[in-house]
Amino acid sequence: MALQAAALLPSTFSVPKEGKSGASFKDSSFFGVSLSDHIKADFTSSALRCKREFNQRTGAVRAQITATATPAITRSSMDGKKTLRKGSVIITGASSGLGLATAKALAETGKWHVIMACRDFLKAERAAKSSGMSKENYTIMHLDLASLDSVRQFVDSYKRSGRPLDVLVCNAAVYQPTAKEPSFTAEGFELSVGTNHLGHFLLSRLLLDDLKQSDYPSKRLIIVGSITGNTNTLAGNVPPKANLGDIRGLAGGLNGLNSSTMIDGGDFDGAKAYKDSKVCNMLTMQEFHRRFHEETGITFASLYPGCIATTGLFREHIPLFRLLFPPFQKYITKGFVSEDEAGKRLAQVVSDPSLTKSGVYWSWNKASASFENQLSQEASDQEKASKIWELSEKLVGLA
Ligand code: NDP
Ligand code: PMR
């Protein structure tokens, strides 16, 4: 019954859609924002020289920075004690929800410098300030995952910054449960899979070498997954269920012209597109593990942080859903977690020395202890993982 009720929820109410445009270049948000102060404060304190150039034509911010790399572990000449330098972690979508809470949790330790990779600089700056993060612990860099050019530009700027890369967290996502029509990324891919999967796929591939070069004791690539992409759970059986089918839509480019906008080739469904994108995220993590763990020593991991029912992820859902979802998760399913708690969980996957196992999908039990969880059959299908990998390489221009 409950399952049926939920299935009806998104379809029985119709609401005007917000933010229909897929390729959302929020470059105007840079105007009037003092980037130089932030960058200066940040890099001066790290003894880095930073020169910036504002590219008026694209609105993109480019930072040309030279830095001297410090080894991860140094031994003091005075007392011979070993010290570990601050780790550098990139978190995508750190302007709200889980990403912000994780950035805060890591910054607070004083052991991490968080690069908040966000599409809206002003929003990210406000979020970091209001969550009490101190300036020397974070840098905001522009990244719009719905544009592969933006992904490439971000990677370029990061490489030129001379900062090491110790951990990459692919966290950002969009969810369009009420969309009647698909919207698209700059390159014309359906927005949810384009942003959540393809944008992150390109980002991770382009930054893999930087992770490889890191001399930090544990280097990691984390891709946030979810229970709703796993059909071996009750939550994963709430319609519409994730299903990649024979992947014909992805093979055709997800553009709605010569192919479907859905990975399985079916009719557009925003909620399903999100869940499919999460399956891609979990499959990609495992494919990375199979291809690169042994050679690079990088830990590849995914996780379900719990149901963080209060985040911006549900911004496009109907108001009634947003009102009832948190109490439903708190009191009925008991799957609710606060943003703070979820942030601590993801921060553990970033830095806890006991969570170094690669190829793992982490979850937490009622006592908030982490455990290695089982993925659904589809989310652990090696053949699909390899097919998704190869098709994604073509779509993002790597093959
Ligand atoms: P939020 O909406 O709060 O956070 C999503 C973040 O992604 C925002 O910072 C948003 O930026 C950013 N983002 C969206 N589109 C882009 C883009 N094109 N380029 C760059 N950044 C973008 O949601 P959550 O914190 O809940 O979601 C974070 C992750 O957690 C997602 O991967 C989600 O799938 C996962 N998750 C969430 C659960 C939950 O219950 N909430 C449960 C399981 C997994 P902006 O602020 O500019 O909009
Ligand atoms: Mg779901 C133990 C049960 C459980 C858990 C942990 C979740 C998590 N959900 C559960 C059960 C149910 N949900 C049941 C029984 C129903 C029917 C009433 C239900 C409904 C429901 C809806 C309509 N749940 C949802 C939605 C959404 O729109 C959310 C979604 O699918 O977003 C993609 C959602 C979620 N439930 C969760 C979690 C974590 C979500 C948000 C998730 C995500 O990011 O994957």
# chains A, B, ... in the order shown; residues from 1 in each chain; ligands from 1
>>> residues_near_ligand(ligand="ligand 2", cutoff="8 Å", atoms="only C-alpha atoms and all ligand atoms", output="ChimeraX atom specification")
/A:2-7,9-10,175,177,225-229,233-236,238,271-272,274-275,278,304,306-309,313-314,317,321,325,329,333-336
>>> residues_near_ligand(ligand="ligand 1", cutoff="6 Å", atoms="only C-alpha atoms and all ligand atoms", output="JSON list (two decimals) with all heavy atoms, in the first residue's frame")
[["chain", "number", "residue", "atom", "x", "y", "z"],
["A", 93, "GLY", "N", 29.88, 20.08, -5.79],
["A", 93, "GLY", "CA", 28.58, 20.40, -5.18],
["A", 93, "GLY", "C", 28.68, 20.61, -3.69],
["A", 93, "GLY", "O", 27.85, 20.11, -2.92],
["A", 94, "ALA", "N", 29.70, 21.38, -3.28],
["A", 94, "ALA", "CA", 29.89, 21.60, -1.84],
["A", 94, "ALA", "C", 29.17, 22.86, -1.35],
["A", 94, "ALA", "O", 29.40, 23.31, -0.24],
["A", 94, "ALA", "CB", 31.39, 21.70, -1.53],
["A", 95, "SER", "N", 28.27, 23.39, -2.19],
["A", 95, "SER", "CA", 27.57, 24.61, -1.79],
["A", 95, "SER", "C", 26.32, 24.33, -0.96],
["A", 95, "SER", "O", 25.69, 25.26, -0.46],
["A", 95, "SER", "CB", 27.18, 25.41, -3.04],
["A", 95, "SER", "OG", 26.44, 24.59, -3.92],
["A", 96, "SER", "N", 25.95, 23.07, -0.80],
["A", 96, "SER", "CA", 24.79, 22.77, 0.04],
["A", 96, "SER", "C", 24.78, 21.30, 0.45],
["A", 96, "SER", "O", 25.63, 20.52, 0.00],
["A", 96, "SER", "CB", 23.48, 23.11, -0.70],
["A", 96, "SER", "OG", 23.25, 22.18, -1.73],
["A", 97, "GLY", "N", 23.83, 20.96, 1.32],
["A", 97, "GLY", "CA", 23.56, 19.56, 1.67],
["A", 97, "GLY", "C", 24.77, 18.77, 2.12],
["A", 97, "GLY", "O", 25.61, 19.23, 2.90],
["A", 98, "LEU", "N", 24.87, 17.56, 1.56],
["A", 98, "LEU", "CA", 25.93, 16.63, 1.95],
["A", 98, "LEU", "C", 27.33, 17.18, 1.66],
["A", 98, "LEU", "O", 28.24, 17.04, 2.48],
["A", 98, "LEU", "CB", 25.71, 15.31, 1.19],
["A", 98, "LEU", "CG", 26.75, 14.21, 1.41],
["A", 98, "LEU", "CD1", 26.80, 13.77, 2.88],
["A", 98, "LEU", "CD2", 26.45, 13.01, 0.51],
["A", 99, "GLY", "N", 27.49, 17.80, 0.50],
["A", 99, "GLY", "CA", 28.81, 18.31, 0.11],
["A", 99, "GLY", "C", 29.30, 19.37, 1.08],
["A", 99, "GLY", "O", 30.46, 19.35, 1.52],
["A", 118, "CYS", "N", 32.14, 24.27, -7.31],
["A", 118, "CYS", "CA", 30.73, 24.63, -7.35],
["A", 118, "CYS", "C", 30.37, 25.45, -8.57],
["A", 118, "CYS", "O", 31.19, 26.18, -9.10],
["A", 118, "CYS", "CB", 30.39, 25.44, -6.10],
["A", 118, "CYS", "SG", 30.66, 24.49, -4.59],
["A", 119, "ARG", "N", 29.10, 25.36, -8.96],
["A", 119, "ARG", "CA", 28.67, 26.13, -10.14],
["A", 119, "ARG", "C", 28.27, 27.56, -9.79],
["A", 119, "ARG", "O", 28.15, 28.39, -10.67],
["A", 119, "ARG", "CB", 27.51, 25.42, -10.84],
["A", 119, "ARG", "CG", 26.28, 25.26, -9.96],
["A", 119, "ARG", "CD", 25.16, 24.60, -10.71],
["A", 119, "ARG", "NE", 24.11, 24.17, -9.79],
["A", 119, "ARG", "CZ", 22.96, 23.67, -10.17],
["A", 119, "ARG", "NH1", 22.71, 23.50, -11.45],
["A", 119, "ARG", "NH2", 22.07, 23.30, -9.28],
["A", 120, "ASP", "N", 28.02, 27.82, -8.52],
["A", 120, "ASP", "CA", 27.57, 29.15, -8.10],
["A", 120, "ASP", "C", 28.51, 29.65, -7.00],
["A", 120, "ASP", "O", 28.38, 29.28, -5.82],
["A", 120, "ASP", "CB", 26.12, 29.05, -7.61],
["A", 120, "ASP", "CG", 25.53, 30.41, -7.26],
["A", 120, "ASP", "OD1", 26.30, 31.35, -6.96],
["A", 120, "ASP", "OD2", 24.29, 30.53, -7.28],
["A", 143, "LEU", "N", 32.94, 25.12, -11.11],
["A", 143, "LEU", "CA", 32.75, 23.88, -11.88],
["A", 143, "LEU", "C", 31.27, 23.70, -12.15],
["A", 143, "LEU", "O", 30.47, 23.61, -11.22],
["A", 143, "LEU", "CB", 33.28, 22.66, -11.08],
["A", 143, "LEU", "CG", 32.90, 21.29, -11.65],
["A", 143, "LEU", "CD1", 33.58, 21.04, -13.01],
["A", 143, "LEU", "CD2", 33.30, 20.16, -10.68],
["A", 144, "ASP", "N", 30.93, 23.65, -13.44],
["A", 144, "ASP", "CA", 29.55, 23.30, -13.81],
["A", 144, "ASP", "C", 29.60, 21.95, -14.50],
["A", 144, "ASP", "O", 30.08, 21.84, -15.63],
["A", 144, "ASP", "CB", 28.97, 24.37, -14.74],
["A", 144, "ASP", "CG", 27.52, 24.07, -15.10],
["A", 144, "ASP", "OD1", 27.03, 22.98, -14.74],
["A", 144, "ASP", "OD2", 26.87, 24.91, -15.73],
["A", 145, "LEU", "N", 29.13, 20.95, -13.81],
["A", 145, "LEU", "CA", 29.20, 19.58, -14.34],
["A", 145, "LEU", "C", 28.28, 19.36, -15.54],
["A", 145, "LEU", "O", 28.40, 18.34, -16.22],
["A", 145, "LEU", "CB", 28.87, 18.57, -13.24],
["A", 145, "LEU", "CG", 29.96, 18.43, -12.18],
["A", 145, "LEU", "CD1", 29.38, 17.92, -10.88],
["A", 145, "LEU", "CD2", 31.07, 17.51, -12.66],
["A", 146, "ALA", "N", 27.37, 20.31, -15.77],
["A", 146, "ALA", "CA", 26.48, 20.19, -16.92],
["A", 146, "ALA", "C", 27.12, 20.78, -18.18],
["A", 146, "ALA", "O", 26.44, 21.01, -19.18],
["A", 146, "ALA", "CB", 25.15, 20.87, -16.64],
["A", 171, "ASN", "N", 30.22, 14.37, -5.66],
["A", 171, "ASN", "CA", 29.04, 14.44, -4.81],
["A", 171, "ASN", "C", 27.85, 15.14, -5.46],
["A", 171, "ASN", "O", 26.71, 14.81, -5.18],
["A", 171, "ASN", "CB", 29.44, 15.17, -3.51],
["A", 171, "ASN", "CG", 28.23, 15.72, -2.77],
["A", 171, "ASN", "OD1", 27.52, 14.97, -2.10],
["A", 171, "ASN", "ND2", 27.96, 17.02, -2.90],
["A", 172, "ALA", "N", 28.11, 16.12, -6.32],
["A", 172, "ALA", "CA", 27.02, 16.95, -6.86],
["A", 172, "ALA", "C", 25.97, 16.10, -7.58],
["A", 172, "ALA", "O", 26.29, 15.05, -8.13],
["A", 172, "ALA", "CB", 27.59, 17.99, -7.82],
["A", 173, "ALA", "N", 24.74, 16.57, -7.55],
["A", 173, "ALA", "CA", 23.69, 15.86, -8.30],
["A", 173, "ALA", "C", 22.48, 16.75, -8.50],
["A", 173, "ALA", "O", 22.25, 17.69, -7.73],
["A", 173, "ALA", "CB", 23.27, 14.59, -7.58],
["A", 174, "VAL", "N", 21.73, 16.44, -9.55],
["A", 174, "VAL", "CA", 20.42, 17.06, -9.73],
["A", 174, "VAL", "C", 19.37, 15.95, -9.78],
["A", 174, "VAL", "O", 19.65, 14.83, -10.23],
["A", 174, "VAL", "CB", 20.32, 17.90, -11.04],
["A", 174, "VAL", "CG1", 21.02, 19.22, -10.88],
["A", 174, "VAL", "CG2", 20.85, 17.14, -12.25],
["A", 195, "THR", "N", 24.82, 15.32, -15.88],
["A", 195, "THR", "CA", 25.50, 15.98, -14.76],
["A", 195, "THR", "C", 26.06, 14.95, -13.78],
["A", 195, "THR", "O", 27.25, 14.94, -13.48],
["A", 195, "THR", "CB", 24.49, 16.87, -13.99],
["A", 195, "THR", "OG1", 23.87, 17.76, -14.92],
["A", 195, "THR", "CG2", 25.17, 17.65, -12.89],
["A", 224, "VAL", "N", 29.53, 9.37, -4.82],
["A", 224, "VAL", "CA", 28.36, 9.17, -3.95],
["A", 224, "VAL", "C", 27.27, 8.39, -4.70],
["A", 224, "VAL", "O", 26.89, 8.75, -5.81],
["A", 224, "VAL", "CB", 27.80, 10.53, -3.44],
["A", 224, "VAL", "CG1", 26.57, 10.31, -2.58],
["A", 224, "VAL", "CG2", 28.87, 11.29, -2.66],
["A", 225, "GLY", "N", 26.82, 7.31, -4.09],
["A", 225, "GLY", "CA", 25.76, 6.48, -4.68],
["A", 225, "GLY", "C", 24.48, 6.67, -3.90],
["A", 225, "GLY", "O", 24.32, 7.67, -3.20],
["A", 226, "SER", "N", 23.55, 5.73, -4.03],
["A", 226, "SER", "CA", 22.33, 5.82, -3.22],
["A", 226, "SER", "C", 21.57, 4.50, -3.17],
["A", 226, "SER", "O", 21.63, 3.69, -4.08],
["A", 226, "SER", "CB", 21.38, 6.88, -3.73],
["A", 226, "SER", "OG", 20.26, 6.92, -2.87],
["A", 304, "TYR", "N", 26.18, 5.07, 0.56],
["A", 304, "TYR", "CA", 24.83, 5.60, 0.78],
["A", 304, "TYR", "C", 24.89, 6.23, 2.17],
["A", 304, "TYR", "O", 25.04, 5.52, 3.17],
["A", 304, "TYR", "CB", 23.78, 4.49, 0.73],
["A", 304, "TYR", "CG", 22.44, 4.94, 1.28],
["A", 304, "TYR", "CD1", 21.79, 6.05, 0.73],
["A", 304, "TYR", "CD2", 21.84, 4.30, 2.36],
["A", 304, "TYR", "CE1", 20.59, 6.49, 1.26],
["A", 304, "TYR", "CE2", 20.63, 4.72, 2.88],
["A", 304, "TYR", "CZ", 20.01, 5.83, 2.32],
["A", 304, "TYR", "OH", 18.82, 6.28, 2.83],
["A", 305, "PRO", "N", 24.82, 7.56, 2.24],
["A", 305, "PRO", "CA", 25.05, 8.22, 3.53],
["A", 305, "PRO", "C", 23.85, 8.19, 4.47],
["A", 305, "PRO", "O", 23.96, 8.64, 5.61],
["A", 305, "PRO", "CB", 25.35, 9.67, 3.11],
["A", 305, "PRO", "CG", 24.61, 9.85, 1.82],
["A", 305, "PRO", "CD", 24.60, 8.51, 1.14],
["A", 306, "GLY", "N", 22.71, 7.64, 4.03],
["A", 306, "GLY", "CA", 21.46, 7.72, 4.80],
["A", 306, "GLY", "C", 20.54, 8.69, 4.09],
["A", 306, "GLY", "O", 20.95, 9.37, 3.14],
["A", 307, "CYS", "N", 19.30, 8.72, 4.53],
["A", 307, "CYS", "CA", 18.34, 9.60, 3.86],
["A", 307, "CYS", "C", 18.40, 11.00, 4.48],
["A", 307, "CYS", "O", 17.91, 11.22, 5.59],
["A", 307, "CYS", "CB", 16.93, 9.02, 3.95],
["A", 307, "CYS", "SG", 15.78, 10.03, 3.01],
["A", 308, "ILE", "N", 18.99, 11.92, 3.74],
["A", 308, "ILE", "CA", 19.16, 13.30, 4.21],
["A", 308, "ILE", "C", 17.98, 14.08, 3.63],
["A", 308, "ILE", "O", 18.11, 14.80, 2.63],
["A", 308, "ILE", "CB", 20.51, 13.90, 3.75],
["A", 308, "ILE", "CG1", 21.55, 12.79, 3.52],
["A", 308, "ILE", "CG2", 21.02, 14.93, 4.73],
["A", 308, "ILE", "CD1", 22.69, 13.19, 2.62],
["A", 309, "ALA", "N", 16.82, 13.91, 4.27],
["A", 309, "ALA", "CA", 15.56, 14.34, 3.65],
["A", 309, "ALA", "C", 15.38, 15.85, 3.58],
["A", 309, "ALA", "O", 14.40, 16.32, 3.00],
["A", 309, "ALA", "CB", 14.40, 13.68, 4.39],
["A", 311, "THR", "N", 17.70, 18.14, 2.35],
["A", 311, "THR", "CA", 18.62, 18.86, 1.47],
["A", 311, "THR", "C", 17.92, 19.48, 0.25],
["A", 311, "THR", "O", 16.76, 19.19, -0.04],
["A", 311, "THR", "CB", 19.75, 17.95, 0.91],
["A", 311, "THR", "OG1", 19.17, 17.06, -0.04],
["A", 311, "THR", "CG2", 20.46, 17.19, 2.00],
["A", 312, "GLY", "N", 18.71, 20.25, -0.49],
["A", 312, "GLY", "CA", 18.23, 20.90, -1.71],
["A", 312, "GLY", "C", 17.93, 19.92, -2.84],
["A", 312, "GLY", "O", 17.38, 20.30, -3.87],
["A", 313, "LEU", "N", 18.29, 18.65, -2.66],
["A", 313, "LEU", "CA", 18.06, 17.67, -3.72],
["A", 313, "LEU", "C", 16.58, 17.61, -4.11],
["A", 313, "LEU", "O", 16.25, 17.33, -5.26],
["A", 313, "LEU", "CB", 18.52, 16.28, -3.26],
["A", 313, "LEU", "CG", 18.64, 15.23, -4.34],
["A", 313, "LEU", "CD1", 19.79, 15.54, -5.29],
["A", 313, "LEU", "CD2", 18.84, 13.84, -3.75]]
>>> closest_atom_pairs(of="stretch 349-397 of chain A", to="stretch 199-216 of chain A", cutoff="10 Å", atoms="only C-alpha atoms", output="tab-separated table")
residue	atom	partner	partner_atom	distance
A:Trp389	CA	A:Phe201	CA	8.5
A:Ser392	CA	A:Phe201	CA	7.5
A:Glu393	CA	A:Leu202	CA	7.9
A:Leu395	CA	A:Leu202	CA	9.6
A:Val396	CA	A:Leu202	CA	6.4
A:Gly397	CA	A:Leu202	CA	8.7
>>> residues_around(residues="A:His293", least_positions_apart="3", cutoff="12 Å", atoms="only C-alpha atoms", output="list in words")
Leu208, Leu211, Lys212, Lys219, Arg220, Leu221, Met285, Gln286, Glu287, Phe288, His289, Arg290, Thr296, Gly297, Ile298, Thr299, Phe300, Ala301, Thr356, Lys357, Ser358, Gly359 and Val360 of chain A
>>> write_last_selection(atoms="C-alpha atoms", output="compact mmCIF listing (two decimals), in the first residue's frame")
# COMPACT_ATOMS: atom_id res chain seq x y z
CA LEU A 208 43.18 10.36 -12.12
CA LEU A 211 45.54 11.36 -7.68
CA LYS A 212 48.10 8.83 -8.87
CA LYS A 219 44.53 8.64 -1.83
CA ARG A 220 40.90 8.14 -2.68
CA LEU A 221 38.25 8.66 -5.34
CA MET A 285 33.39 3.32 -9.00
CA GLN A 286 33.74 -0.46 -9.40
CA GLU A 287 35.11 -0.18 -12.93
CA PHE A 288 37.71 2.33 -11.69
CA HIS A 289 38.62 -0.17 -8.98
CA ARG A 290 39.03 -3.03 -11.46
CA THR A 296 47.78 3.10 -8.61
CA GLY A 297 47.00 2.18 -5.00
CA ILE A 298 44.04 4.58 -5.13
CA THR A 299 41.06 3.58 -3.00
CA PHE A 300 37.82 3.74 -4.99
CA ALA A 301 34.63 3.85 -2.94
CA THR A 356 40.86 2.17 2.91
CA LYS A 357 39.33 -0.88 1.24
CA SER A 358 38.78 -0.29 -2.46
CA GLY A 359 35.75 -1.22 -4.57
CA VAL A 360 33.41 -0.90 -1.60
>>> select_by_dssp(residues="stretch 85-292 of chain A", states="strand (DSSP E or B)", output="PyMOL selection string")
chain A and resi 87-92+112-118+138-142+167-170+184+190+220-224
>>> write_last_selection(atoms="N, CA, C and O atoms", output="short mmCIF file (atom, residue, chain, number, x, y, z; two decimals), in the first residue's frame")
data_model
loop_
_atom_site.label_atom_id
_atom_site.label_comp_id
_atom_site.auth_asym_id
_atom_site.auth_seq_id
_atom_site.Cartn_x
_atom_site.Cartn_y
_atom_site.Cartn_z
N GLY A 87 45.90 17.48 3.83
CA GLY A 87 45.43 16.80 2.63
C GLY A 87 44.63 17.78 1.78
O GLY A 87 44.03 18.72 2.30
N SER A 88 44.63 17.55 0.45
CA SER A 88 43.82 18.38 -0.45
C SER A 88 42.69 17.53 -0.99
O SER A 88 42.93 16.50 -1.62
N VAL A 89 41.48 17.98 -0.76
CA VAL A 89 40.32 17.22 -1.22
C VAL A 89 39.40 18.11 -2.04
O VAL A 89 39.06 19.21 -1.62
N ILE A 90 39.04 17.62 -3.23
CA ILE A 90 38.05 18.34 -4.05
C ILE A 90 36.68 17.72 -3.76
O ILE A 90 36.53 16.50 -3.80
N ILE A 91 35.71 18.57 -3.46
CA ILE A 91 34.32 18.08 -3.30
C ILE A 91 33.43 18.82 -4.30
O ILE A 91 33.33 20.04 -4.24
N THR A 92 32.79 18.08 -5.18
CA THR A 92 31.87 18.74 -6.12
C THR A 92 30.55 18.99 -5.40
O THR A 92 30.15 18.22 -4.52
N TRP A 112 42.68 19.21 6.60
CA TRP A 112 42.31 19.17 5.19
C TRP A 112 42.12 20.56 4.63
O TRP A 112 41.59 21.45 5.29
N HIS A 113 42.54 20.72 3.38
CA HIS A 113 42.18 21.91 2.63
C HIS A 113 41.12 21.46 1.62
O HIS A 113 41.37 20.56 0.81
N VAL A 114 39.94 22.06 1.71
CA VAL A 114 38.83 21.61 0.87
C VAL A 114 38.68 22.53 -0.34
O VAL A 114 38.55 23.75 -0.19
N ILE A 115 38.70 21.92 -1.52
CA ILE A 115 38.43 22.69 -2.73
C ILE A 115 36.96 22.45 -3.04
O ILE A 115 36.54 21.34 -3.39
N MET A 116 36.17 23.50 -2.87
CA MET A 116 34.74 23.40 -3.10
C MET A 116 34.49 23.69 -4.58
O MET A 116 34.62 24.82 -5.01
N ALA A 117 34.16 22.64 -5.33
CA ALA A 117 33.98 22.77 -6.78
C ALA A 117 32.51 22.99 -7.07
O ALA A 117 31.71 22.06 -7.06
N CYS A 118 32.14 24.27 -7.31
CA CYS A 118 30.73 24.63 -7.35
C CYS A 118 30.37 25.45 -8.57
O CYS A 118 31.19 26.18 -9.10
N TYR A 138 39.69 26.42 3.04
CA TYR A 138 38.96 26.09 1.80
C TYR A 138 39.26 27.08 0.68
O TYR A 138 39.69 28.21 0.91
N THR A 139 39.02 26.60 -0.54
CA THR A 139 39.09 27.42 -1.75
C THR A 139 37.88 27.07 -2.58
O THR A 139 37.51 25.89 -2.66
N ILE A 140 37.26 28.09 -3.17
CA ILE A 140 36.13 27.79 -4.04
C ILE A 140 36.59 27.89 -5.48
O ILE A 140 37.28 28.84 -5.86
N MET A 141 36.26 26.90 -6.28
CA MET A 141 36.61 26.94 -7.71
C MET A 141 35.36 26.66 -8.53
O MET A 141 34.54 25.83 -8.14
N HIS A 142 35.26 27.33 -9.64
CA HIS A 142 34.06 27.16 -10.46
C HIS A 142 34.05 25.83 -11.22
O HIS A 142 35.02 25.46 -11.87
N VAL A 167 42.36 13.51 -2.51
CA VAL A 167 41.04 12.85 -2.55
C VAL A 167 40.11 13.66 -3.45
O VAL A 167 40.09 14.89 -3.41
N LEU A 168 39.35 12.94 -4.27
CA LEU A 168 38.31 13.57 -5.10
C LEU A 168 36.97 12.99 -4.68
O LEU A 168 36.81 11.76 -4.64
N VAL A 169 36.02 13.87 -4.37
CA VAL A 169 34.68 13.40 -4.00
C VAL A 169 33.67 13.88 -5.04
O VAL A 169 33.44 15.08 -5.19
N CYS A 170 33.09 12.94 -5.77
CA CYS A 170 32.05 13.26 -6.76
C CYS A 170 30.71 13.20 -6.05
O CYS A 170 30.14 12.12 -5.83
N PHE A 184 18.58 19.54 -20.79
CA PHE A 184 19.83 19.02 -21.34
C PHE A 184 21.07 19.78 -20.87
O PHE A 184 20.99 20.95 -20.51
N GLU A 190 20.81 14.34 -21.65
CA GLU A 190 19.76 14.50 -20.64
C GLU A 190 20.44 14.94 -19.34
O GLU A 190 21.49 14.41 -18.95
N ARG A 220 42.21 8.75 -2.47
CA ARG A 220 40.90 8.14 -2.68
C ARG A 220 40.07 8.86 -3.74
O ARG A 220 40.16 10.08 -3.87
N LEU A 221 39.24 8.08 -4.42
CA LEU A 221 38.25 8.66 -5.34
C LEU A 221 36.90 8.12 -4.88
O LEU A 221 36.67 6.90 -4.88
N ILE A 222 36.04 9.04 -4.48
CA ILE A 222 34.75 8.63 -3.90
C ILE A 222 33.61 9.14 -4.78
O ILE A 222 33.58 10.32 -5.14
N ILE A 223 32.71 8.25 -5.13
CA ILE A 223 31.55 8.65 -5.95
C ILE A 223 30.30 8.33 -5.12
O ILE A 223 30.06 7.17 -4.78
N VAL A 224 29.53 9.37 -4.82
CA VAL A 224 28.36 9.17 -3.95
C VAL A 224 27.27 8.39 -4.70
O VAL A 224 26.89 8.75 -5.81
#
>>> closest_atom_pairs(of="stretch 145-216 of chain A", to="stretch 252-270 of chain A", cutoff="10 Å", atoms="only C-alpha atoms", output="tab-separated table")
residue	atom	partner	partner_atom	distance
A:Val174	CA	A:Gly270	CA	9.8
A:Tyr175	CA	A:Gly270	CA	7.1
A:Gln176	CA	A:Gly270	CA	4.9
A:Pro177	CA	A:Gly270	CA	4.9
A:Thr178	CA	A:Gly270	CA	6.8
A:Ala179	CA	A:Gly270	CA	5.9
A:Lys180	CA	A:Asp269	CA	7.5
A:Glu181	CA	A:Phe268	CA	7.0
A:Pro182	CA	A:Phe268	CA	6.5
A:Ser183	CA	A:Thr261	CA	9.2
A:Phe184	CA	A:Asn255	CA	7.7
A:Thr185	CA	A:Asn255	CA	9.4
A:Glu187	CA	A:Asn255	CA	8.9
A:Gly188	CA	A:Asn255	CA	5.6
A:Phe189	CA	A:Asn255	CA	5.1
A:Glu190	CA	A:Thr261	CA	5.6
A:Leu191	CA	A:Thr261	CA	9.1
A:Ser192	CA	A:Gly270	CA	7.6
A:Val193	CA	A:Ile263	CA	8.4
A:Gly194	CA	A:Leu254	CA	8.5
>>> atom_distance(atom1="atom CA of A:Ser131", atom2="atom CA of A:Lys330")
23.8 Å
>>> closest_residue(among="A:Leu148, A:Leu198, A:Ala186, A:Leu100", to="A:Cys280", atoms="only C-alpha atoms")
A:Leu198
>>> atom_distance(atom1="atom CA of A:Glu125", atom2="atom CA of A:Gly343")
18.1 Å
>>> atom_distance(atom1="atom CA of A:Asn137", atom2="atom CA of A:Lys111")
8.6 Å
>>> residues_around(residues="A:Ala105", least_positions_apart="6", cutoff="10 Å", atoms="only C-alpha atoms", output="PDB file with C-alpha atoms, in the first residue's frame")
ATOM      1  CA  GLY A  99      28.813  18.309   0.113  1.00  0.00           C
ATOM      2  CA  TRP A 112      42.305  19.172   5.186  1.00  0.00           C
ATOM      3  CA  MET A 133      34.548  27.371   7.862  1.00  0.00           C
ATOM      4  CA  ASP A 340      25.711  17.049   9.848  1.00  0.00           C
ATOM      5  CA  GLU A 341      25.655  13.316  10.496  1.00  0.00           C
ATOM      6  CA  ALA A 342      25.746  12.483   6.777  1.00  0.00           C
ATOM      7  CA  GLY A 343      28.677  14.910   6.363  1.00  0.00           C
ATOM      8  CA  LYS A 344      30.577  13.081   9.105  1.00  0.00           C
ATOM      9  CA  ARG A 345      29.930   9.790   7.334  1.00  0.00           C
ATOM     10  CA  LEU A 346      31.278  11.002   4.007  1.00  0.00           C
ATOM     11  CA  ALA A 347      34.204  12.638   5.833  1.00  0.00           C
ATOM     12  CA  GLN A 348      35.010   9.188   7.246  1.00  0.00           C
TER      13      GLN A 348
END
>>> decode(residues="stretch 346-355 of chain A", atoms="N, CA and C atoms", output="mmCIF file, in the first residue's frame")
data_model
loop_
_atom_site.group_PDB
_atom_site.id
_atom_site.type_symbol
_atom_site.label_atom_id
_atom_site.label_comp_id
_atom_site.auth_asym_id
_atom_site.auth_seq_id
_atom_site.Cartn_x
_atom_site.Cartn_y
_atom_site.Cartn_z
ATOM 1 N N LEU A 346 30.466 10.864 5.230
ATOM 2 C CA LEU A 346 31.278 11.002 4.007
ATOM 3 C C LEU A 346 32.714 11.424 4.364
ATOM 4 N N ALA A 347 32.853 12.237 5.398
ATOM 5 C CA ALA A 347 34.204 12.638 5.833
ATOM 6 C C ALA A 347 35.001 11.407 6.285
ATOM 7 N N GLN A 348 34.325 10.435 6.868
ATOM 8 C CA GLN A 348 35.010 9.188 7.246
ATOM 9 C C GLN A 348 35.540 8.470 6.002
ATOM 10 N N VAL A 349 34.693 8.427 4.966
ATOM 11 C CA VAL A 349 35.118 7.730 3.745
ATOM 12 C C VAL A 349 36.306 8.467 3.104
ATOM 13 N N VAL A 350 36.374 9.780 3.332
ATOM 14 C CA VAL A 350 37.509 10.562 2.811
ATOM 15 C C VAL A 350 38.778 10.273 3.605
ATOM 16 N N SER A 351 38.657 10.218 4.948
ATOM 17 C CA SER A 351 39.902 10.290 5.715
ATOM 18 C C SER A 351 40.122 9.215 6.772
ATOM 19 N N ASP A 352 39.113 8.421 7.071
ATOM 20 C CA ASP A 352 39.301 7.436 8.143
ATOM 21 C C ASP A 352 40.307 6.362 7.715
ATOM 22 N N PRO A 353 41.352 6.158 8.516
ATOM 23 C CA PRO A 353 42.365 5.160 8.139
ATOM 24 C C PRO A 353 41.807 3.731 8.086
ATOM 25 N N SER A 354 40.632 3.502 8.703
ATOM 26 C CA SER A 354 40.093 2.138 8.659
ATOM 27 C C SER A 354 39.211 1.912 7.420
ATOM 28 N N LEU A 355 38.968 2.957 6.636
ATOM 29 C CA LEU A 355 38.107 2.772 5.455
ATOM 30 C C LEU A 355 38.906 2.852 4.153
#
